[in-house]
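File shown here: coords25.txt, holding compact mmCIF, C-alpha atoms.
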```txt
# COMPACT_ATOMS: atom_id res chain seq x y z
CA MET Z 8 135.61 79.68 83.36
CA LYS Z 9 134.63 79.69 87.01
CA THR Z 10 136.13 82.51 89.03
CA THR Z 11 137.87 81.67 92.32
CA ARG Z 12 137.23 83.99 95.23
CA ALA Z 13 140.13 84.56 97.59
CA PRO Z 14 139.24 84.30 101.31
CA LEU Z 15 138.26 87.66 102.74
CA CYS Z 16 139.76 89.12 105.90
CA ARG Z 17 137.50 90.56 108.60
CA GLU Z 18 138.00 94.15 107.42
CA GLU Z 19 137.08 93.20 103.85
CA VAL Z 20 133.93 91.41 104.99
CA GLU Z 21 132.86 94.40 107.10
CA SER Z 22 133.53 96.80 104.19
CA ARG Z 23 131.61 94.53 101.83
CA ASN Z 24 128.66 94.38 104.24
CA GLU Z 25 128.58 98.17 104.38
CA LEU Z 26 128.32 98.25 100.59
CA PHE Z 27 125.35 95.87 100.65
CA ALA Z 28 123.67 97.81 103.43
CA SER Z 29 124.06 101.09 101.55
CA THR Z 30 122.16 99.55 98.59
CA ARG Z 31 124.12 98.83 95.45
CA TRP Z 32 121.25 99.76 93.15
CA MET Z 33 121.00 103.28 94.53
CA THR Z 34 124.76 103.65 94.11
CA VAL Z 35 124.47 102.65 90.46
CA LEU Z 36 121.50 104.96 89.88
CA LYS Z 37 123.40 107.90 91.35
CA ALA Z 38 126.33 107.10 89.07
CA GLY Z 39 123.96 107.39 86.13
CA ASP Z 40 123.35 111.02 87.04
CA SER Z 41 127.08 111.80 87.06
CA ALA Z 42 129.43 112.51 84.21
CA ALA Z 43 131.52 109.45 85.12
CA ALA Z 44 130.97 106.47 87.36
CA SER Z 45 133.04 106.34 90.55
CA ALA Z 46 135.07 103.31 91.57
CA HIS Z 47 132.46 102.67 94.28
CA ALA Z 48 129.65 102.66 91.70
CA LEU Z 49 131.57 100.37 89.35
CA SER Z 50 132.23 97.99 92.23
CA ALA Z 51 128.51 97.91 93.05
CA LEU Z 52 127.67 97.36 89.38
CA SER Z 53 130.21 94.55 89.13
CA GLU Z 54 128.66 92.81 92.16
CA LEU Z 55 125.22 93.05 90.60
CA CYS Z 56 126.43 91.77 87.24
CA GLN Z 57 127.94 88.68 88.86
CA ILE Z 58 124.73 87.94 90.75
CA TYR Z 59 122.52 88.35 87.68
CA TRP Z 60 124.74 86.67 85.10
CA ARG Z 61 123.23 83.23 85.54
CA PRO Z 62 119.55 84.33 85.65
CA LEU Z 63 119.99 86.21 82.36
CA TYR Z 64 121.92 83.33 80.80
CA VAL Z 65 119.20 80.83 81.77
CA PHE Z 66 116.55 83.23 80.41
CA LEU Z 67 118.31 83.21 77.03
CA ARG Z 68 118.68 79.43 77.03
CA ASN Z 69 114.96 79.13 77.70
CA LYS Z 70 114.33 81.44 74.74
CA GLY Z 71 116.04 78.90 72.50
CA TYR Z 72 119.63 80.13 72.28
CA GLY Z 73 122.40 77.53 72.35
CA ARG Z 74 125.00 77.43 75.11
CA GLU Z 75 127.70 79.41 73.29
CA ASP Z 76 125.29 81.96 71.83
CA ALA Z 77 123.64 82.51 75.22
CA GLN Z 78 127.03 82.97 76.89
CA ASP Z 79 128.17 85.40 74.19
CA LEU Z 80 124.95 87.39 74.40
CA THR Z 81 125.09 87.60 78.19
CA GLN Z 82 128.74 88.65 78.12
CA GLY Z 83 128.11 91.16 75.35
CA PHE Z 84 125.12 92.58 77.17
CA PHE Z 85 127.05 93.32 80.36
CA ALA Z 86 129.98 94.74 78.40
CA HIS Z 87 127.54 97.00 76.54
CA LEU Z 88 125.79 98.00 79.77
CA ILE Z 89 129.06 99.07 81.38
CA GLU Z 90 130.80 100.64 78.39
CA ASN Z 91 127.76 102.58 77.19
CA ARG Z 92 126.49 103.44 80.68
CA GLY Z 93 123.17 101.80 79.97
CA TYR Z 94 122.36 101.95 83.67
CA ALA Z 95 122.12 105.74 83.31
CA ARG Z 96 118.81 105.22 81.49
CA ALA Z 97 117.26 103.30 84.39
CA ASP Z 98 114.07 104.77 85.79
CA PRO Z 99 114.29 104.97 89.61
CA GLU Z 100 110.49 105.01 89.80
CA LYS Z 101 110.43 101.44 88.48
CA GLY Z 102 112.63 100.48 91.38
CA ARG Z 103 113.74 96.90 90.91
CA TYR Z 104 117.09 96.09 89.38
CA ARG Z 105 115.92 92.65 88.22
CA ALA Z 106 113.15 94.25 86.15
CA PHE Z 107 115.49 96.85 84.66
CA LEU Z 108 118.08 94.25 83.65
CA LEU Z 109 115.59 91.93 82.00
CA ALA Z 110 114.03 94.75 80.01
CA ALA Z 111 117.49 95.99 79.00
CA LEU Z 112 118.53 92.49 77.89
CA LYS Z 113 115.39 92.10 75.77
CA HIS Z 114 116.18 95.39 74.06
CA PHE Z 115 119.79 94.31 73.57
CA ILE Z 116 118.97 91.01 71.88
CA ALA Z 117 116.37 92.72 69.68
CA ASP Z 118 119.21 94.83 68.30
CA ALA Z 119 121.80 92.03 68.37
CA ARG Z 120 122.03 91.76 64.58
CA ASP Z 121 123.19 95.37 64.49
CA ARG Z 122 125.92 94.83 67.04
CA GLU Z 123 127.43 91.44 66.22
CA HIS Z 124 130.82 92.74 67.23
CA ALA Z 125 129.61 93.13 70.83
CA LEU Z 126 128.76 89.48 71.35
CA LYS Z 127 132.26 88.08 71.72
CA ARG Z 128 133.56 90.42 74.41
CA GLY Z 129 133.76 88.30 77.55
CA ARG Z 130 135.55 90.60 80.00
CA GLY Z 131 135.80 87.69 82.45
CA ILE Z 132 132.36 88.19 83.98
CA ILE Z 133 131.22 84.53 83.98
CA PRO Z 134 130.82 83.86 87.72
CA GLU Z 135 130.46 80.11 87.78
CA LYS Z 136 131.05 76.99 85.75
CA LEU Z 137 128.17 76.19 83.43
CA ASP Z 138 128.34 72.42 83.77
CA ASP Z 139 126.07 69.55 82.78
CA GLU Z 140 124.04 69.98 85.98
CA THR Z 141 123.26 73.55 84.98
CA GLU Z 142 122.12 72.35 81.57
CA ALA Z 143 119.98 69.65 83.19
CA GLU Z 144 118.27 72.32 85.29
CA ILE Z 145 117.64 74.36 82.15
CA ALA Z 146 116.11 71.32 80.45
CA ARG Z 147 113.78 70.71 83.41
CA ALA Z 148 112.64 74.34 83.22
CA ALA Z 149 111.79 74.13 79.51
CA LYS Z 150 108.04 74.05 80.30
CA TRP Z 151 108.20 77.39 82.11
CA GLN Z 152 107.91 80.78 80.50
CA ALA Z 153 111.27 82.51 80.03
CA ASP Z 154 110.30 85.37 82.37
CA GLU Z 155 109.34 82.82 85.06
CA VAL Z 156 112.68 81.07 84.65
CA TYR Z 157 114.47 84.38 85.06
CA ASP Z 158 112.60 85.23 88.27
CA ARG Z 159 113.24 81.80 89.76
CA GLU Z 160 116.93 81.96 88.88
CA TRP Z 161 117.08 85.45 90.32
CA ALA Z 162 115.60 84.24 93.61
CA ALA Z 163 118.04 81.32 93.79
CA SER Z 164 120.96 83.63 92.97
CA VAL Z 165 120.07 86.06 95.77
CA VAL Z 166 119.82 83.19 98.25
CA ARG Z 167 123.19 81.80 97.13
CA GLN Z 168 124.76 85.22 97.58
CA ALA Z 169 123.32 85.54 101.09
CA LEU Z 170 124.54 82.07 102.06
CA ASP Z 171 127.99 82.82 100.65
CA ARG Z 172 128.25 85.92 102.83
CA LEU Z 173 127.06 84.02 105.89
CA ALA Z 174 129.57 81.22 105.24
CA GLN Z 175 132.40 83.75 105.09
CA GLU Z 176 131.28 85.36 108.34
CA CYS Z 177 131.06 81.98 110.07
CA ALA Z 178 134.53 81.01 108.85
CA LEU Z 179 136.01 84.23 110.23
CA THR Z 180 134.41 83.75 113.63
CA GLY Z 181 135.23 80.06 113.94
CA LYS Z 182 131.60 79.03 113.40
CA GLY Z 183 132.12 77.27 110.07
CA GLN Z 184 131.23 73.91 111.60
CA PHE Z 185 127.79 75.15 112.62
CA PHE Z 186 127.16 76.68 109.21
CA GLY Z 187 127.90 73.30 107.63
CA TYR Z 188 125.39 71.63 109.92
CA PHE Z 189 122.54 74.06 109.40
CA VAL Z 190 122.84 75.42 105.87
CA PRO Z 191 120.12 73.01 104.57
CA TYR Z 192 117.71 74.31 107.22
CA LEU Z 193 118.30 78.05 107.27
CA ALA Z 194 115.49 78.85 104.87
CA ALA Z 195 113.20 76.08 106.11
CA PRO Z 196 110.07 76.64 108.22
CA GLU Z 197 110.50 76.65 111.99
CA GLU Z 198 108.67 73.34 112.30
CA SER Z 199 111.04 71.55 109.92
CA PRO Z 200 112.54 68.54 111.71
CA ILE Z 201 116.26 68.85 112.48
CA PRO Z 202 118.20 65.81 113.81
CA PHE Z 203 119.72 67.70 116.75
CA GLU Z 204 120.45 64.54 118.72
CA GLU Z 205 122.34 62.98 115.80
CA MET Z 206 124.22 66.22 115.20
CA ALA Z 207 125.10 66.41 118.88
CA ARG Z 208 126.48 62.88 118.81
CA ARG Z 209 128.61 63.50 115.73
CA SER Z 210 129.84 66.97 116.71
CA HIS Z 211 130.30 66.34 120.44
CA GLN Z 212 128.22 69.46 121.09
CA ALA Z 213 125.31 69.83 123.47
CA VAL Z 214 121.84 69.90 121.92
CA THR Z 215 121.19 73.23 123.64
CA THR Z 216 124.33 74.66 121.97
CA LEU Z 217 123.19 73.44 118.57
CA ARG Z 218 119.72 74.90 119.00
CA ARG Z 219 121.18 78.25 120.05
CA GLU Z 220 123.58 78.37 117.10
CA ARG Z 221 120.86 77.40 114.68
CA ALA Z 222 118.63 80.22 115.95
CA ARG Z 223 121.52 82.69 115.71
CA LEU Z 224 122.34 81.66 112.14
CA ARG Z 225 118.72 81.91 111.06
CA VAL Z 226 118.50 85.46 112.36
CA ARG Z 227 121.75 86.46 110.66
CA TYR Z 228 120.81 84.72 107.40
CA ARG Z 229 117.51 86.60 107.24
CA ALA Z 230 119.28 89.89 107.95
CA ILE Z 231 121.79 89.27 105.15
CA LEU Z 232 119.06 88.17 102.74
CA ARG Z 233 117.20 91.38 103.50
CA GLN Z 234 120.37 93.39 102.81
CA GLU Z 235 120.81 91.58 99.50
CA VAL Z 236 117.28 92.44 98.43
CA ARG Z 237 117.62 96.01 99.72
CA GLY Z 238 120.61 96.39 97.42
CA THR Z 239 118.43 95.83 94.35
CA VAL Z 240 115.47 98.13 94.99
CA HIS Z 241 115.05 101.88 95.11
CA GLU Z 242 113.15 102.40 98.36
CA ASP Z 243 113.15 100.70 101.77
CA ALA Z 244 109.40 100.28 101.44
CA GLU Z 245 109.92 97.90 98.50
CA VAL Z 246 112.03 95.39 100.42
CA ASP Z 247 109.22 93.41 102.05
CA GLU Z 248 107.30 93.14 98.79
CA GLU Z 249 110.41 91.96 96.97
CA LEU Z 250 111.16 89.42 99.70
CA ARG Z 251 107.63 88.05 99.35
CA TYR Z 252 108.16 87.81 95.59
CA LEU Z 253 111.44 85.98 96.16
CA CYS Z 254 109.78 83.46 98.49
CA HIS Z 255 106.98 82.97 95.97
CA ALA Z 256 109.47 82.29 93.16
CA LEU Z 257 111.38 79.78 95.29
CA ALA Z 258 108.20 78.05 96.39
CA ALA Z 259 107.07 77.73 92.77
CA THR Z 260 110.41 76.16 91.87
CA GLN Z 261 110.23 73.62 94.70
CA LYS Z 262 106.65 72.74 93.81
CA GLU Z 263 107.60 71.99 90.23
CA GLN Z 264 110.53 69.76 91.18
```
Can you give me the file's structure in the form of structure tokens?
Amino acid sequence: MKTTRAPLCREEVESRNELFASTRWMTVLKAGDSAAASAHALSALSELCQIYWRPLYVFLRNKGYGREDAQDLTQGFFAHLIENRGYARADPEKGRYRAFLLAALKHFIADARDREHALKRGRGIIPEKLDDETEAEIARAAKWQADEVYDREWAASVVRQALDRLAQECALTGKGQFFGYFVPYLAAPEESPIPFEEMARRSHQAVTTLRRERARLRVRYRAILRQEVRGTVHEDAEVDEELRYLCHALAATQKEQ
């Protein structure tokens, strides 16, 4: 079942942005050193689980699991991770949350026969509808290695999360119209052609206004994307490397399409 997000007020968006900026992964790692996880840590972990649900699900589908089995395994894995504080065993020196989760999932499915009771515990984590289009994407990725599929889905998931945050910010500031115009171009190279004159005609906005808003949105999008990546690594120094890896994964996906 697809979850429905209620519109956020300005205070909620600002509070949420502070959580991203403070790095969710570090919050989770610190919780692993404590006797019990705080509400703040559980909130950060919940955010991460929602972002990574689909990449892990697609990884399992690529490994040959059917739709229901892959859903049950993904659900059971996150329930196990939270209930048994599996994140407490994460090694901060290895840094990246995506690497930790994939390794933990592989260990989980290796022991799945010993924990059949864990596979049916949904806990309402499924973040989006797994429709026929999703399955078509999985079929197209059948020629890729499962780890490659996971990385590409991870990259797409991080971008979706960044765009979702930007869309909410634009809606709150009355800039939703501009976001709708430019969302296809935010991650495109500077030289990508944009039909400003046509947009100006349809929106009754000056071309100079459209160019200015597009530049502003690009800057904000990149800042949010950087925050998203910062929330999944251990050190600030790892952010640029992880961003390069994200761009590489997306480029590989587009090349294959």
Shell of 12 Å around Z:Ala222, only C-alpha atoms, local chain residues under 6 positions omitted, as a PyMOL selection string: chain Z and resi 185-186+189-190+192-195+197+215-216+228-229
Z:Ala230 surroundings by all atoms listed in the file, 12 Å radius, close-in-sequence under 6 positions cut, as a ChimeraX atom specification: /Z:24,27-28,166,169-170,172-173,193,223-224,236-237,246,250
For atom CA of Z:Leu67 and atom CA of Z:Val165, the interatomic separation in Å (one decimal): 19.0 Å
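For the pair atom CA of Z:Gly187 and atom CA of Z:Glu204, the interatomic distance is 16.0 Å.
Between atom CA of Z:Thr81 and atom CA of Z:Ile58 the separation is 12.6 Å.
When only C-alpha atoms are used to measure the gap to Z:Arg105, the shortest distance among Z:Leu179, Z:Ala117, Z:Leu88, Z:Val240 belongs to Z:Val240.
Minimum distance to Z:Asp154 across Z:Tyr64, Z:Glu248, Z:Cys177, Z:Leu232 (counting only C-alpha atoms) occurs at Z:Tyr64.
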Pick from Z:His255, Z:Gly181, Z:Ala86, Z:Gly73 nearest to Z:Ser53, counting only C-alpha atoms: Z:Ala86
